file upload-v8.txt (compact mmCIF, N, CA and C atoms)
# COMPACT_ATOMS: atom_id res chain seq x y z
N ARG Y 1160 93.25 95.32 94.86
CA ARG Y 1160 92.54 94.07 94.93
C ARG Y 1160 93.09 93.13 93.88
N LEU Y 1161 93.48 91.95 94.27
CA LEU Y 1161 93.98 90.94 93.35
C LEU Y 1161 92.89 89.92 93.08
N LEU Y 1162 92.82 89.48 91.85
CA LEU Y 1162 91.81 88.51 91.46
C LEU Y 1162 92.50 87.37 90.75
N ALA Y 1163 92.47 86.20 91.33
CA ALA Y 1163 93.10 85.03 90.73
C ALA Y 1163 92.05 84.24 89.96
N LEU Y 1164 92.38 83.88 88.74
CA LEU Y 1164 91.45 83.16 87.89
C LEU Y 1164 92.05 81.83 87.47
N SER Y 1165 91.23 80.83 87.38
CA SER Y 1165 91.70 79.54 86.87
C SER Y 1165 90.71 79.06 85.81
N LYS Y 1166 90.78 79.65 84.64
CA LYS Y 1166 89.91 79.29 83.52
C LYS Y 1166 90.78 78.87 82.35
N PRO Y 1167 90.31 77.95 81.54
CA PRO Y 1167 91.07 77.56 80.35
C PRO Y 1167 91.24 78.75 79.41
N LEU Y 1168 92.33 78.78 78.70
CA LEU Y 1168 92.60 79.83 77.73
C LEU Y 1168 91.45 79.91 76.74
N GLY Y 1169 90.93 81.10 76.51
CA GLY Y 1169 89.84 81.29 75.57
C GLY Y 1169 88.46 81.21 76.21
N ALA Y 1170 88.37 80.76 77.46
CA ALA Y 1170 87.07 80.68 78.13
C ALA Y 1170 86.63 82.08 78.52
N SER Y 1171 85.32 82.31 78.51
CA SER Y 1171 84.84 83.62 78.93
C SER Y 1171 84.98 83.74 80.44
N VAL Y 1172 85.32 84.94 80.87
CA VAL Y 1172 85.56 85.20 82.29
C VAL Y 1172 84.69 86.36 82.71
N SER Y 1173 84.02 86.25 83.83
CA SER Y 1173 83.23 87.34 84.38
C SER Y 1173 84.00 87.95 85.54
N TYR Y 1174 84.11 89.28 85.52
CA TYR Y 1174 84.82 89.98 86.58
C TYR Y 1174 83.80 90.66 87.48
N PRO Y 1175 84.06 90.68 88.79
CA PRO Y 1175 83.13 91.32 89.69
C PRO Y 1175 83.13 92.83 89.50
N GLY Y 1176 81.99 93.44 89.69
CA GLY Y 1176 81.90 94.89 89.63
C GLY Y 1176 81.74 95.41 88.21
N PRO Y 1177 81.63 96.73 88.08
CA PRO Y 1177 81.44 97.34 86.77
C PRO Y 1177 82.72 97.27 85.93
N PRO Y 1178 82.58 97.36 84.60
CA PRO Y 1178 83.77 97.39 83.74
C PRO Y 1178 84.62 98.62 84.06
N MET Y 1179 85.91 98.45 84.02
CA MET Y 1179 86.82 99.55 84.34
C MET Y 1179 88.00 99.53 83.40
N CYS Y 1180 88.60 100.69 83.21
CA CYS Y 1180 89.84 100.81 82.46
C CYS Y 1180 90.97 100.18 83.27
N GLY Y 1181 92.11 99.98 82.63
CA GLY Y 1181 93.29 99.50 83.32
C GLY Y 1181 94.32 100.61 83.40
N ILE Y 1182 94.84 100.86 84.58
CA ILE Y 1182 95.81 101.94 84.81
C ILE Y 1182 97.00 101.39 85.57
N VAL Y 1183 98.20 101.81 85.17
CA VAL Y 1183 99.42 101.37 85.85
C VAL Y 1183 100.39 102.55 85.93
N GLY Y 1184 101.13 102.62 87.01
CA GLY Y 1184 102.19 103.60 87.16
C GLY Y 1184 103.47 102.89 87.55
N VAL Y 1185 104.59 103.36 87.01
CA VAL Y 1185 105.89 102.75 87.30
C VAL Y 1185 106.89 103.84 87.64
N LEU Y 1186 107.62 103.65 88.73
CA LEU Y 1186 108.74 104.50 89.11
C LEU Y 1186 109.91 103.59 89.39
N CYS Y 1187 110.94 103.67 88.57
CA CYS Y 1187 112.13 102.82 88.73
C CYS Y 1187 113.13 103.54 89.62
N ALA Y 1188 113.44 102.96 90.76
CA ALA Y 1188 114.34 103.58 91.73
C ALA Y 1188 115.77 103.67 91.23
N ASP Y 1189 116.15 102.79 90.31
CA ASP Y 1189 117.54 102.76 89.85
C ASP Y 1189 117.73 103.45 88.50
N ASP Y 1190 116.82 104.32 88.10
CA ASP Y 1190 116.88 105.07 86.85
C ASP Y 1190 116.85 104.18 85.60
N SER Y 1191 116.42 102.93 85.75
CA SER Y 1191 116.27 102.09 84.56
C SER Y 1191 115.00 102.52 83.81
N SER Y 1192 114.82 102.03 82.61
CA SER Y 1192 113.70 102.41 81.77
C SER Y 1192 112.38 101.86 82.32
N ALA Y 1193 111.37 102.71 82.35
CA ALA Y 1193 110.05 102.31 82.84
C ALA Y 1193 109.19 101.69 81.75
N VAL Y 1194 109.56 101.86 80.48
CA VAL Y 1194 108.66 101.46 79.41
C VAL Y 1194 108.44 99.94 79.36
N GLY Y 1195 109.45 99.15 79.65
CA GLY Y 1195 109.28 97.69 79.64
C GLY Y 1195 108.25 97.23 80.65
N PRO Y 1196 108.40 97.61 81.92
CA PRO Y 1196 107.38 97.23 82.91
C PRO Y 1196 105.99 97.81 82.59
N LEU Y 1197 105.93 99.02 82.05
CA LEU Y 1197 104.64 99.60 81.69
C LEU Y 1197 103.97 98.78 80.59
N TYR Y 1198 104.72 98.44 79.56
CA TYR Y 1198 104.18 97.66 78.45
C TYR Y 1198 103.70 96.29 78.93
N GLU Y 1199 104.52 95.61 79.72
CA GLU Y 1199 104.14 94.29 80.24
C GLU Y 1199 102.88 94.38 81.12
N ALA Y 1200 102.79 95.42 81.92
CA ALA Y 1200 101.61 95.59 82.77
C ALA Y 1200 100.36 95.84 81.93
N LEU Y 1201 100.48 96.63 80.87
CA LEU Y 1201 99.33 96.88 80.01
C LEU Y 1201 98.89 95.61 79.30
N LEU Y 1202 99.84 94.78 78.91
CA LEU Y 1202 99.46 93.49 78.32
C LEU Y 1202 98.66 92.67 79.33
N ALA Y 1203 99.09 92.69 80.59
CA ALA Y 1203 98.37 91.94 81.64
C ALA Y 1203 97.01 92.55 81.94
N LEU Y 1204 96.86 93.85 81.70
CA LEU Y 1204 95.61 94.55 81.97
C LEU Y 1204 94.72 94.67 80.73
N GLN Y 1205 95.13 94.09 79.62
CA GLN Y 1205 94.39 94.24 78.37
C GLN Y 1205 92.92 93.87 78.51
N HIS Y 1206 92.60 92.91 79.37
CA HIS Y 1206 91.20 92.52 79.57
C HIS Y 1206 90.36 93.67 80.13
N ARG Y 1207 91.00 94.70 80.68
CA ARG Y 1207 90.29 95.84 81.26
C ARG Y 1207 89.89 96.87 80.21
N GLY Y 1208 90.43 96.77 78.99
CA GLY Y 1208 90.06 97.71 77.94
C GLY Y 1208 90.73 97.36 76.63
N GLN Y 1209 89.93 97.30 75.58
CA GLN Y 1209 90.46 96.97 74.25
C GLN Y 1209 90.25 98.11 73.26
N ASP Y 1210 89.73 99.23 73.70
CA ASP Y 1210 89.43 100.35 72.81
C ASP Y 1210 90.68 101.14 72.43
N ALA Y 1211 91.54 101.41 73.41
CA ALA Y 1211 92.73 102.24 73.17
C ALA Y 1211 93.77 101.94 74.24
N ALA Y 1212 95.00 102.31 73.93
CA ALA Y 1212 96.10 102.13 74.88
C ALA Y 1212 97.05 103.30 74.78
N GLY Y 1213 97.72 103.62 75.90
CA GLY Y 1213 98.67 104.72 75.88
C GLY Y 1213 99.68 104.60 77.00
N ILE Y 1214 100.86 105.15 76.73
CA ILE Y 1214 101.94 105.24 77.73
C ILE Y 1214 102.54 106.63 77.64
N ILE Y 1215 102.80 107.23 78.80
CA ILE Y 1215 103.57 108.47 78.86
C ILE Y 1215 104.70 108.26 79.87
N THR Y 1216 105.89 108.74 79.51
CA THR Y 1216 107.04 108.67 80.40
C THR Y 1216 107.63 110.07 80.54
N GLU Y 1217 108.49 110.23 81.52
CA GLU Y 1217 109.18 111.50 81.72
C GLU Y 1217 110.68 111.25 81.69
N ASP Y 1218 111.38 112.07 80.91
CA ASP Y 1218 112.82 111.94 80.77
C ASP Y 1218 113.45 113.32 80.81
N ALA Y 1219 114.20 113.61 81.86
CA ALA Y 1219 114.91 114.89 82.01
C ALA Y 1219 113.98 116.08 81.84
N GLY Y 1220 112.80 116.01 82.45
CA GLY Y 1220 111.87 117.12 82.40
C GLY Y 1220 110.99 117.18 81.17
N ARG Y 1221 111.09 116.21 80.28
CA ARG Y 1221 110.28 116.18 79.06
C ARG Y 1221 109.39 114.94 79.06
N PHE Y 1222 108.14 115.13 78.64
CA PHE Y 1222 107.21 114.02 78.54
C PHE Y 1222 107.34 113.35 77.17
N CYS Y 1223 107.28 112.03 77.17
CA CYS Y 1223 107.29 111.23 75.94
C CYS Y 1223 105.98 110.45 75.92
N LEU Y 1224 105.12 110.68 74.93
CA LEU Y 1224 103.77 110.11 74.91
C LEU Y 1224 103.50 109.38 73.61
N HIS Y 1225 102.88 108.22 73.73
CA HIS Y 1225 102.33 107.53 72.57
C HIS Y 1225 101.03 106.87 72.99
N LYS Y 1226 99.97 107.13 72.21
CA LYS Y 1226 98.67 106.53 72.48
C LYS Y 1226 97.92 106.44 71.16
N ASP Y 1227 97.02 105.45 71.08
CA ASP Y 1227 96.24 105.27 69.86
C ASP Y 1227 95.11 104.30 70.15
N ASN Y 1228 94.18 104.21 69.22
CA ASN Y 1228 93.12 103.22 69.33
C ASN Y 1228 93.68 101.84 69.04
N GLY Y 1229 93.15 100.84 69.71
CA GLY Y 1229 93.53 99.47 69.44
C GLY Y 1229 94.08 98.75 70.65
N MET Y 1230 94.43 97.49 70.41
CA MET Y 1230 95.00 96.64 71.44
C MET Y 1230 96.46 97.05 71.70
N VAL Y 1231 96.96 96.71 72.88
CA VAL Y 1231 98.31 97.10 73.29
C VAL Y 1231 99.34 96.66 72.24
N ARG Y 1232 99.29 95.42 71.79
CA ARG Y 1232 100.27 94.92 70.82
C ARG Y 1232 100.20 95.64 69.48
N ASP Y 1233 99.03 96.19 69.14
CA ASP Y 1233 98.89 96.93 67.89
C ASP Y 1233 99.31 98.38 68.01
N VAL Y 1234 99.15 98.95 69.19
CA VAL Y 1234 99.48 100.36 69.40
C VAL Y 1234 100.98 100.57 69.54
N PHE Y 1235 101.67 99.62 70.18
CA PHE Y 1235 103.09 99.79 70.48
C PHE Y 1235 103.94 98.80 69.71
N GLY Y 1236 104.81 99.32 68.88
CA GLY Y 1236 105.83 98.51 68.21
C GLY Y 1236 107.19 98.91 68.76
N PRO Y 1237 108.25 98.30 68.25
CA PRO Y 1237 109.59 98.64 68.74
C PRO Y 1237 109.94 100.12 68.63
N ALA Y 1238 109.55 100.77 67.55
CA ALA Y 1238 109.88 102.19 67.37
C ALA Y 1238 109.20 103.05 68.44
N GLN Y 1239 107.93 102.78 68.72
CA GLN Y 1239 107.21 103.57 69.72
C GLN Y 1239 107.79 103.33 71.10
N LEU Y 1240 108.09 102.09 71.43
CA LEU Y 1240 108.63 101.78 72.75
C LEU Y 1240 110.01 102.41 72.96
N THR Y 1241 110.82 102.44 71.92
CA THR Y 1241 112.15 103.05 72.01
C THR Y 1241 112.06 104.54 72.32
N ASN Y 1242 111.05 105.20 71.79
CA ASN Y 1242 110.91 106.65 71.99
C ASN Y 1242 110.34 107.03 73.35
N LEU Y 1243 109.85 106.06 74.11
CA LEU Y 1243 109.29 106.33 75.42
C LEU Y 1243 110.38 106.19 76.48
N ARG Y 1244 111.21 107.22 76.60
CA ARG Y 1244 112.36 107.20 77.50
C ARG Y 1244 112.00 107.74 78.88
N GLY Y 1245 112.70 107.27 79.89
CA GLY Y 1245 112.52 107.76 81.24
C GLY Y 1245 112.29 106.64 82.23
N SER Y 1246 112.48 106.96 83.50
CA SER Y 1246 112.36 105.96 84.56
C SER Y 1246 111.04 106.06 85.32
N ILE Y 1247 110.12 106.90 84.83
CA ILE Y 1247 108.82 107.05 85.47
C ILE Y 1247 107.77 107.17 84.37
N GLY Y 1248 106.59 106.57 84.61
CA GLY Y 1248 105.56 106.66 83.59
C GLY Y 1248 104.21 106.16 84.04
N ILE Y 1249 103.23 106.41 83.19
CA ILE Y 1249 101.84 105.98 83.40
C ILE Y 1249 101.38 105.26 82.15
N GLY Y 1250 100.63 104.16 82.35
CA GLY Y 1250 100.04 103.44 81.23
C GLY Y 1250 98.54 103.30 81.44
N HIS Y 1251 97.81 103.18 80.32
CA HIS Y 1251 96.35 103.12 80.39
C HIS Y 1251 95.80 102.29 79.25
N VAL Y 1252 94.84 101.43 79.53
CA VAL Y 1252 94.03 100.78 78.50
C VAL Y 1252 92.59 101.21 78.75
N ARG Y 1253 91.88 101.57 77.68
CA ARG Y 1253 90.57 102.20 77.81
C ARG Y 1253 89.43 101.22 77.57
N TYR Y 1254 88.50 101.24 78.52
CA TYR Y 1254 87.21 100.59 78.36
C TYR Y 1254 86.21 101.71 78.18
N PRO Y 1255 85.63 101.88 76.99
CA PRO Y 1255 84.78 103.05 76.75
C PRO Y 1255 83.44 102.95 77.47
N THR Y 1256 83.15 103.95 78.29
CA THR Y 1256 81.86 104.04 78.95
C THR Y 1256 81.12 105.29 78.49
N ALA Y 1257 81.83 106.23 77.90
CA ALA Y 1257 81.23 107.48 77.41
C ALA Y 1257 82.17 108.04 76.35
N GLY Y 1258 81.66 108.99 75.60
CA GLY Y 1258 82.49 109.61 74.58
C GLY Y 1258 82.51 108.77 73.31
N SER Y 1259 83.47 109.05 72.48
CA SER Y 1259 83.58 108.36 71.20
C SER Y 1259 84.77 107.41 71.23
N SER Y 1260 85.03 106.79 70.12
CA SER Y 1260 86.20 105.92 70.01
C SER Y 1260 87.33 106.61 69.25
N SER Y 1261 87.39 107.92 69.32
CA SER Y 1261 88.45 108.63 68.62
C SER Y 1261 89.75 108.56 69.42
N CYS Y 1262 90.84 108.79 68.74
CA CYS Y 1262 92.16 108.77 69.38
C CYS Y 1262 92.25 109.84 70.47
N ALA Y 1263 91.47 110.91 70.33
CA ALA Y 1263 91.48 111.98 71.33
C ALA Y 1263 91.00 111.49 72.70
N GLU Y 1264 90.24 110.41 72.72
CA GLU Y 1264 89.74 109.84 73.97
C GLU Y 1264 90.76 108.92 74.63
N ALA Y 1265 91.81 108.54 73.89
CA ALA Y 1265 92.84 107.66 74.44
C ALA Y 1265 93.59 108.39 75.55
N GLN Y 1266 94.02 107.65 76.54
CA GLN Y 1266 94.77 108.22 77.66
C GLN Y 1266 96.14 107.58 77.73
N PRO Y 1267 97.06 108.12 78.48
CA PRO Y 1267 96.99 109.25 79.40
C PRO Y 1267 96.80 110.58 78.67
N PHE Y 1268 96.19 111.53 79.39
CA PHE Y 1268 96.03 112.88 78.88
C PHE Y 1268 97.24 113.71 79.30
N TYR Y 1269 97.57 114.69 78.47
CA TYR Y 1269 98.69 115.59 78.76
C TYR Y 1269 98.26 117.02 78.46
N VAL Y 1270 98.55 117.92 79.39
CA VAL Y 1270 98.30 119.35 79.20
C VAL Y 1270 99.60 120.07 79.47
N ASN Y 1271 99.99 120.97 78.60
CA ASN Y 1271 101.29 121.63 78.70
C ASN Y 1271 101.27 122.87 79.59
N SER Y 1272 100.11 123.34 80.02
CA SER Y 1272 100.03 124.60 80.72
C SER Y 1272 99.67 124.38 82.18
N PRO Y 1273 100.26 125.05 83.13
CA PRO Y 1273 101.36 125.99 82.97
C PRO Y 1273 102.73 125.32 82.89
N TYR Y 1274 102.89 124.14 83.52
CA TYR Y 1274 104.20 123.49 83.52
C TYR Y 1274 104.17 122.10 82.92
N GLY Y 1275 103.01 121.60 82.65
CA GLY Y 1275 102.86 120.25 82.13
C GLY Y 1275 102.33 119.32 83.21
N ILE Y 1276 101.24 118.65 82.89
CA ILE Y 1276 100.67 117.67 83.80
C ILE Y 1276 100.09 116.54 82.95
N THR Y 1277 100.17 115.34 83.47
CA THR Y 1277 99.61 114.20 82.78
C THR Y 1277 98.81 113.37 83.77
N LEU Y 1278 97.76 112.71 83.26
CA LEU Y 1278 96.96 111.87 84.14
C LEU Y 1278 96.23 110.81 83.34
N ALA Y 1279 95.86 109.78 84.04
CA ALA Y 1279 94.99 108.73 83.51
C ALA Y 1279 93.93 108.50 84.58
N HIS Y 1280 92.71 108.25 84.15
CA HIS Y 1280 91.65 108.04 85.12
C HIS Y 1280 90.73 106.92 84.67
N ASN Y 1281 89.94 106.46 85.60
CA ASN Y 1281 88.95 105.44 85.34
C ASN Y 1281 87.61 105.97 85.79
N GLY Y 1282 86.74 106.24 84.85
CA GLY Y 1282 85.41 106.70 85.23
C GLY Y 1282 84.95 107.86 84.40
N ASN Y 1283 83.82 108.39 84.78
CA ASN Y 1283 83.20 109.51 84.10
C ASN Y 1283 83.06 110.67 85.07
N LEU Y 1284 83.20 111.88 84.55
CA LEU Y 1284 82.95 113.07 85.36
C LEU Y 1284 81.47 113.39 85.26
N VAL Y 1285 80.70 112.91 86.22
CA VAL Y 1285 79.26 113.05 86.16
C VAL Y 1285 78.79 114.44 86.61
N ASP Y 1286 79.65 115.19 87.30
CA ASP Y 1286 79.29 116.53 87.76
C ASP Y 1286 80.09 117.60 87.04
N LEU Y 1287 80.36 117.40 85.76
CA LEU Y 1287 81.18 118.34 84.99
C LEU Y 1287 80.62 119.77 85.00
N PRO Y 1288 79.30 119.99 84.81
CA PRO Y 1288 78.80 121.37 84.85
C PRO Y 1288 79.11 122.08 86.19
N THR Y 1289 78.98 121.34 87.29
CA THR Y 1289 79.28 121.92 88.60
C THR Y 1289 80.76 122.23 88.72
N LEU Y 1290 81.62 121.32 88.25
CA LEU Y 1290 83.05 121.56 88.32
C LEU Y 1290 83.47 122.75 87.47
N LYS Y 1291 82.88 122.89 86.30
CA LYS Y 1291 83.18 124.03 85.44
C LYS Y 1291 82.77 125.34 86.10
N ARG Y 1292 81.59 125.33 86.72
CA ARG Y 1292 81.06 126.53 87.36
C ARG Y 1292 81.94 126.95 88.55
N ASP Y 1293 82.36 125.96 89.35
CA ASP Y 1293 83.14 126.25 90.55
C ASP Y 1293 84.56 126.56 90.18

call {"tool": "encode", "arguments": {"input": "upload-v8.txt", "output": "structure tokens"}}
result
Amino acid sequence: RLLALSKPLGASVSYPGPPMCGIVGVLCADDSSAVGPLYEALLALQHRGQDAAGIITEDAGRFCLHKDNGMVRDVFGPAQLTNLRGSIGIGHVRYPTAGSSSCAEAQPFYVNSPYGITLAHNGNLVDLPTLKRD
């Protein structure tokens, strides 16, 4: 869903629906670096979350991750962006609806077992006890 806005810079803007995180995925068909488009997309999505930001990329079978609390421009500097190598990646800006404001809540999440998986999501797991049981 695209939403076009025409408000003066600095004016308050109301978005339809509940607050949501911002999530972006990039796959470069020509093996170029994904970090530039991911960073630019997160800047454009910054209104969706100001609590934390993160990017994970994949390069030759290895994940490269950087995430922290804060705005996109504060979380990523030249050194961090240089280390995020690869032509595929996920970016996330967090709008906190549950949990704390610790860096551990920043996304994307990465788990190394059994082969490594990463994900970013928008929302809360409201049926966690049932999922754990099943």

call {"tool": "closest_residue", "arguments": {"input": "upload-v8.txt", "among": "Y:Ala1211, Y:Phe1222, Y:Gly1250, Y:Asn1281", "to": "Tyr1198 (chain Y)", "atoms": "all atoms listed in the file"}}
result
Y:Gly1250

call {"tool": "select_by_dssp", "arguments": {"input": "upload-v8.txt", "residues": "region 1165-1271 of chain Y", "states": "strand (DSSP E or B)", "output": "ChimeraX atom specification"}}
result
/Y:1181-1186,1211-1218,1221-1228,1247-1253,1268-1270

call {"tool": "residues_around", "arguments": {"input": "upload-v8.txt", "residues": "Ser1246 (chain Y)", "least_positions_apart": "3", "cutoff": "9 Å", "atoms": "only C-alpha atoms", "output": "MDAnalysis selection string"}}
result
chainID Y and resid 1185:1194 1216:1218

call {"tool": "atom_distance", "arguments": {"input": "upload-v8.txt", "atom1": "CA of Leu1240 (chain Y)", "atom2": "CA of Ala1200 (chain Y)"}}
result
13.7 Å

call {"tool": "atom_distance", "arguments": {"input": "upload-v8.txt", "atom1": "atom N of Gly1220 (chain Y)", "atom2": "atom N of His1251 (chain Y)"}}
result
19.8 Å

call {"tool": "closest_residue", "arguments": {"input": "upload-v8.txt", "among": "Y:Pro1178, Y:Gly1229, Y:Gly1245, Y:Gly1236", "to": "Gly1282 (chain Y)", "atoms": "all atoms listed in the file"}}
result
Y:Pro1178

call {"tool": "residues_around", "arguments": {"input": "upload-v8.txt", "residues": "Ile1215 (chain Y)", "least_positions_apart": "4", "cutoff": "7 Å", "atoms": "all atoms listed in the file", "output": "PyMOL selection string"}}
result
chain Y and resi 1222-1225+1243+1247-1251+1266-1267

call {"tool": "select_by_dssp", "arguments": {"input": "upload-v8.txt", "residues": "region 1167-1275 of chain Y", "states": "alpha helix (DSSP H)", "output": "JSON, numbers by chain"}}
result
{"Y": [1194, 1195, 1196, 1197, 1198, 1199, 1200, 1201, 1202, 1203, 1231, 1232, 1233, 1234, 1237, 1238, 1239, 1240, 1241, 1242]}

call {"tool": "atom_distance", "arguments": {"input": "upload-v8.txt", "atom1": "atom C of Gly1275 (chain Y)", "atom2": "CA of Met1179 (chain Y)"}}
result
25.2 Å

call {"tool": "closest_residue", "arguments": {"input": "upload-v8.txt", "among": "Y:Pro1255, Y:Asp1210, Y:Thr1289, Y:Arg1221", "to": "Val1234 (chain Y)", "atoms": "only C-alpha atoms"}}
result
Y:Asp1210
